[in-house]
Amino acid sequence: MHLRIYEVDVPIHDTTGPNRHGLHVFTGVADSPATALRRAHEVYNAALAAHTAGLEIPGKQPDSWGARGLRPGWQMEWPAAKASLWHNPVSWTTRSDFTL
């Protein structure tokens with residue numbers, strides 16, 4: 001099994017303002033895009049359950065997945081969620097202005 005860091009992008013929309021859209025991003029370690037999608041959905045469900053029960057949102061799990069917060073009034077669009085390998089936007093290997 002080869003573990004890598006994945007990013008799961010989940011489109012969201014404001015249920016009170018239909019023209020307001022966004023993206024909720026999860027990151028964590030997984031062995032495949034399917035596992036990343038499953039883990040992102042699991043940590044979101046755990047965060048939502050804790051929030052609904054009036055409890056503190058759980059922190060990061062041992063496999064690095066977690067949900068830092070919820071956006072009340074915003075609906076997650078899980079069927080449109082996409083998982084891909086995470087690319088660090090501040091890495092020197094991905095900066096276009098890097099020169100030797």
# chains A, B, ... in the order shown; residues from 1 in each chain; ligands from 1
call {"tool": "residues_around", "arguments": {"residues": "Arg4 in chain A", "least_positions_apart": "3", "cutoff": "9 Å", "atoms": "only C-alpha atoms", "output": "count of residues only"}}
result
7
call {"tool": "residues_around", "arguments": {"residues": "Leu48 in chain A", "least_positions_apart": "6", "cutoff": "9 Å", "atoms": "only C-alpha atoms", "output": "ChimeraX atom specification"}}
result
/A:57,69-70
call {"tool": "atom_distance", "arguments": {"atom1": "CA of Asp9 in chain A", "atom2": "CA of Phe26 in chain A"}}
result
6.6 Å
call {"tool": "select_by_dssp", "arguments": {"residues": "chain A", "states": "strand (DSSP E or B)", "output": "ChimeraX atom specification"}}
result
/A:4-14,21-30,74-76,82-85
call {"tool": "atom_distance", "arguments": {"atom1": "CA of Ala36 in chain A", "atom2": "CA of Gln61 in chain A"}}
result
13.3 Å
call {"tool": "residues_around", "arguments": {"residues": "Arg68 in chain A", "least_positions_apart": "6", "cutoff": "9 Å", "atoms": "only C-alpha atoms", "output": "ChimeraX atom specification"}}
result
/A:47,57-60
call {"tool": "decode", "arguments": {"residues": "range 47-62 of chain A", "atoms": "all heavy atoms", "output": "PDB file, in the first residue's frame"}}
result
ATOM      1  N   ALA A  47     -17.866  15.498  12.339  1.00  0.00           N
ATOM      2  CA  ALA A  47     -17.908  16.902  12.768  1.00  0.00           C
ATOM      3  C   ALA A  47     -19.347  17.393  12.863  1.00  0.00           C
ATOM      4  O   ALA A  47     -19.716  18.079  13.823  1.00  0.00           O
ATOM      5  CB  ALA A  47     -17.111  17.767  11.787  1.00  0.00           C
ATOM      6  N   LEU A  48     -20.171  17.042  11.894  1.00  0.00           N
ATOM      7  CA  LEU A  48     -21.568  17.447  11.900  1.00  0.00           C
ATOM      8  C   LEU A  48     -22.312  16.834  13.089  1.00  0.00           C
ATOM      9  O   LEU A  48     -23.085  17.523  13.771  1.00  0.00           O
ATOM     10  CB  LEU A  48     -22.240  17.043  10.590  1.00  0.00           C
ATOM     11  CG  LEU A  48     -23.695  17.468  10.420  1.00  0.00           C
ATOM     12  CD1 LEU A  48     -23.844  18.980  10.497  1.00  0.00           C
ATOM     13  CD2 LEU A  48     -24.233  16.935   9.090  1.00  0.00           C
ATOM     14  N   ALA A  49     -22.061  15.562  13.373  1.00  0.00           N
ATOM     15  CA  ALA A  49     -22.712  14.899  14.509  1.00  0.00           C
ATOM     16  C   ALA A  49     -22.312  15.564  15.831  1.00  0.00           C
ATOM     17  O   ALA A  49     -23.158  15.801  16.700  1.00  0.00           O
ATOM     18  CB  ALA A  49     -22.366  13.415  14.529  1.00  0.00           C
ATOM     19  N   ALA A  50     -21.027  15.874  15.976  1.00  0.00           N
ATOM     20  CA  ALA A  50     -20.562  16.534  17.201  1.00  0.00           C
ATOM     21  C   ALA A  50     -21.197  17.917  17.332  1.00  0.00           C
ATOM     22  O   ALA A  50     -21.685  18.289  18.406  1.00  0.00           O
ATOM     23  CB  ALA A  50     -19.038  16.641  17.195  1.00  0.00           C
ATOM     24  N   HIS A  51     -21.197  18.674  16.251  1.00  0.00           N
ATOM     25  CA  HIS A  51     -21.779  20.016  16.265  1.00  0.00           C
ATOM     26  C   HIS A  51     -23.263  19.961  16.632  1.00  0.00           C
ATOM     27  O   HIS A  51     -23.737  20.745  17.451  1.00  0.00           O
ATOM     28  CB  HIS A  51     -21.581  20.680  14.903  1.00  0.00           C
ATOM     29  CG  HIS A  51     -22.217  22.019  14.783  1.00  0.00           C
ATOM     30  ND1 HIS A  51     -21.671  23.145  15.355  1.00  0.00           N
ATOM     31  CD2 HIS A  51     -23.363  22.418  14.183  1.00  0.00           C
ATOM     32  CE1 HIS A  51     -22.451  24.177  15.093  1.00  0.00           C
ATOM     33  NE2 HIS A  51     -23.486  23.753  14.383  1.00  0.00           N
ATOM     34  N   THR A  52     -23.976  19.025  16.020  1.00  0.00           N
ATOM     35  CA  THR A  52     -25.412  18.868  16.274  1.00  0.00           C
ATOM     36  C   THR A  52     -25.678  18.517  17.733  1.00  0.00           C
ATOM     37  O   THR A  52     -26.661  18.972  18.317  1.00  0.00           O
ATOM     38  CB  THR A  52     -26.005  17.789  15.342  1.00  0.00           C
ATOM     39  OG1 THR A  52     -25.777  18.199  13.990  1.00  0.00           O
ATOM     40  CG2 THR A  52     -27.493  17.611  15.550  1.00  0.00           C
ATOM     41  N   ALA A  53     -24.777  17.734  18.335  1.00  0.00           N
ATOM     42  CA  ALA A  53     -24.928  17.325  19.734  1.00  0.00           C
ATOM     43  C   ALA A  53     -24.401  18.382  20.701  1.00  0.00           C
ATOM     44  O   ALA A  53     -24.430  18.180  21.916  1.00  0.00           O
ATOM     45  CB  ALA A  53     -24.202  16.002  19.963  1.00  0.00           C
ATOM     46  N   GLY A  54     -23.883  19.493  20.165  1.00  0.00           N
ATOM     47  CA  GLY A  54     -23.360  20.549  21.032  1.00  0.00           C
ATOM     48  C   GLY A  54     -21.973  20.255  21.565  1.00  0.00           C
ATOM     49  O   GLY A  54     -21.536  20.860  22.541  1.00  0.00           O
ATOM     50  N   LEU A  55     -21.268  19.336  20.915  1.00  0.00           N
ATOM     51  CA  LEU A  55     -19.922  18.959  21.346  1.00  0.00           C
ATOM     52  C   LEU A  55     -18.870  19.632  20.479  1.00  0.00           C
ATOM     53  O   LEU A  55     -19.164  20.133  19.391  1.00  0.00           O
ATOM     54  CB  LEU A  55     -19.759  17.438  21.260  1.00  0.00           C
ATOM     55  CG  LEU A  55     -20.762  16.614  22.062  1.00  0.00           C
ATOM     56  CD1 LEU A  55     -20.608  15.131  21.734  1.00  0.00           C
ATOM     57  CD2 LEU A  55     -20.579  16.881  23.551  1.00  0.00           C
ATOM     58  N   GLU A  56     -17.637  19.608  20.957  1.00  0.00           N
ATOM     59  CA  GLU A  56     -16.527  20.149  20.194  1.00  0.00           C
ATOM     60  C   GLU A  56     -16.273  19.270  18.972  1.00  0.00           C
ATOM     61  O   GLU A  56     -16.351  18.044  19.054  1.00  0.00           O
ATOM     62  CB  GLU A  56     -15.284  20.191  21.082  1.00  0.00           C
ATOM     63  CG  GLU A  56     -14.107  20.866  20.442  1.00  0.00           C
ATOM     64  CD  GLU A  56     -12.935  20.999  21.402  1.00  0.00           C
ATOM     65  OE1 GLU A  56     -13.155  21.055  22.626  1.00  0.00           O
ATOM     66  OE2 GLU A  56     -11.803  21.028  20.899  1.00  0.00           O
ATOM     67  N   ILE A  57     -15.949  19.905  17.862  1.00  0.00           N
ATOM     68  CA  ILE A  57     -15.645  19.158  16.637  1.00  0.00           C
ATOM     69  C   ILE A  57     -14.342  18.389  16.855  1.00  0.00           C
ATOM     70  O   ILE A  57     -13.358  18.963  17.329  1.00  0.00           O
ATOM     71  CB  ILE A  57     -15.540  20.115  15.442  1.00  0.00           C
ATOM     72  CG1 ILE A  57     -16.916  20.726  15.148  1.00  0.00           C
ATOM     73  CG2 ILE A  57     -14.988  19.413  14.206  1.00  0.00           C
ATOM     74  CD1 ILE A  57     -16.907  21.783  14.089  1.00  0.00           C
ATOM     75  N   PRO A  58     -14.331  17.088  16.508  1.00  0.00           N
ATOM     76  CA  PRO A  58     -13.107  16.295  16.694  1.00  0.00           C
ATOM     77  C   PRO A  58     -11.943  16.877  15.902  1.00  0.00           C
ATOM     78  O   PRO A  58     -12.133  17.422  14.812  1.00  0.00           O
ATOM     79  CB  PRO A  58     -13.479  14.912  16.149  1.00  0.00           C
ATOM     80  CG  PRO A  58     -14.957  14.898  16.036  1.00  0.00           C
ATOM     81  CD  PRO A  58     -15.407  16.312  15.909  1.00  0.00           C
ATOM     82  N   GLY A  59     -10.754  16.717  16.423  1.00  0.00           N
ATOM     83  CA  GLY A  59      -9.555  17.184  15.734  1.00  0.00           C
ATOM     84  C   GLY A  59      -9.119  16.190  14.679  1.00  0.00           C
ATOM     85  O   GLY A  59      -9.859  15.272  14.312  1.00  0.00           O
ATOM     86  N   LYS A  60      -7.890  16.378  14.218  1.00  0.00           N
ATOM     87  CA  LYS A  60      -7.363  15.474  13.202  1.00  0.00           C
ATOM     88  C   LYS A  60      -7.259  14.056  13.745  1.00  0.00           C
ATOM     89  O   LYS A  60      -6.883  13.838  14.886  1.00  0.00           O
ATOM     90  CB  LYS A  60      -5.987  15.941  12.736  1.00  0.00           C
ATOM     91  CG  LYS A  60      -6.060  17.067  11.754  1.00  0.00           C
ATOM     92  CD  LYS A  60      -4.752  17.247  11.039  1.00  0.00           C
ATOM     93  CE  LYS A  60      -4.950  18.294   9.968  1.00  0.00           C
ATOM     94  NZ  LYS A  60      -3.911  18.254   8.983  1.00  0.00           N
ATOM     95  N   GLN A  61      -7.551  13.111  12.879  1.00  0.00           N
ATOM     96  CA  GLN A  61      -7.458  11.698  13.199  1.00  0.00           C
ATOM     97  C   GLN A  61      -6.015  11.239  12.988  1.00  0.00           C
ATOM     98  O   GLN A  61      -5.213  11.949  12.381  1.00  0.00           O
ATOM     99  CB  GLN A  61      -8.410  10.901  12.298  1.00  0.00           C
ATOM    100  CG  GLN A  61      -9.860  11.360  12.391  1.00  0.00           C
ATOM    101  CD  GLN A  61     -10.412  11.223  13.794  1.00  0.00           C
ATOM    102  OE1 GLN A  61     -10.378  10.156  14.373  1.00  0.00           O
ATOM    103  NE2 GLN A  61     -10.896  12.317  14.349  1.00  0.00           N
ATOM    104  N   PRO A  62      -5.648  10.039  13.463  1.00  0.00           N
ATOM    105  CA  PRO A  62      -4.273   9.554  13.281  1.00  0.00           C
ATOM    106  C   PRO A  62      -3.817   9.498  11.812  1.00  0.00           C
ATOM    107  O   PRO A  62      -2.632   9.632  11.533  1.00  0.00           O
ATOM    108  CB  PRO A  62      -4.302   8.156  13.895  1.00  0.00           C
ATOM    109  CG  PRO A  62      -5.394   8.225  14.912  1.00  0.00           C
ATOM    110  CD  PRO A  62      -6.427   9.143  14.311  1.00  0.00           C
TER     111      PRO A  62
END
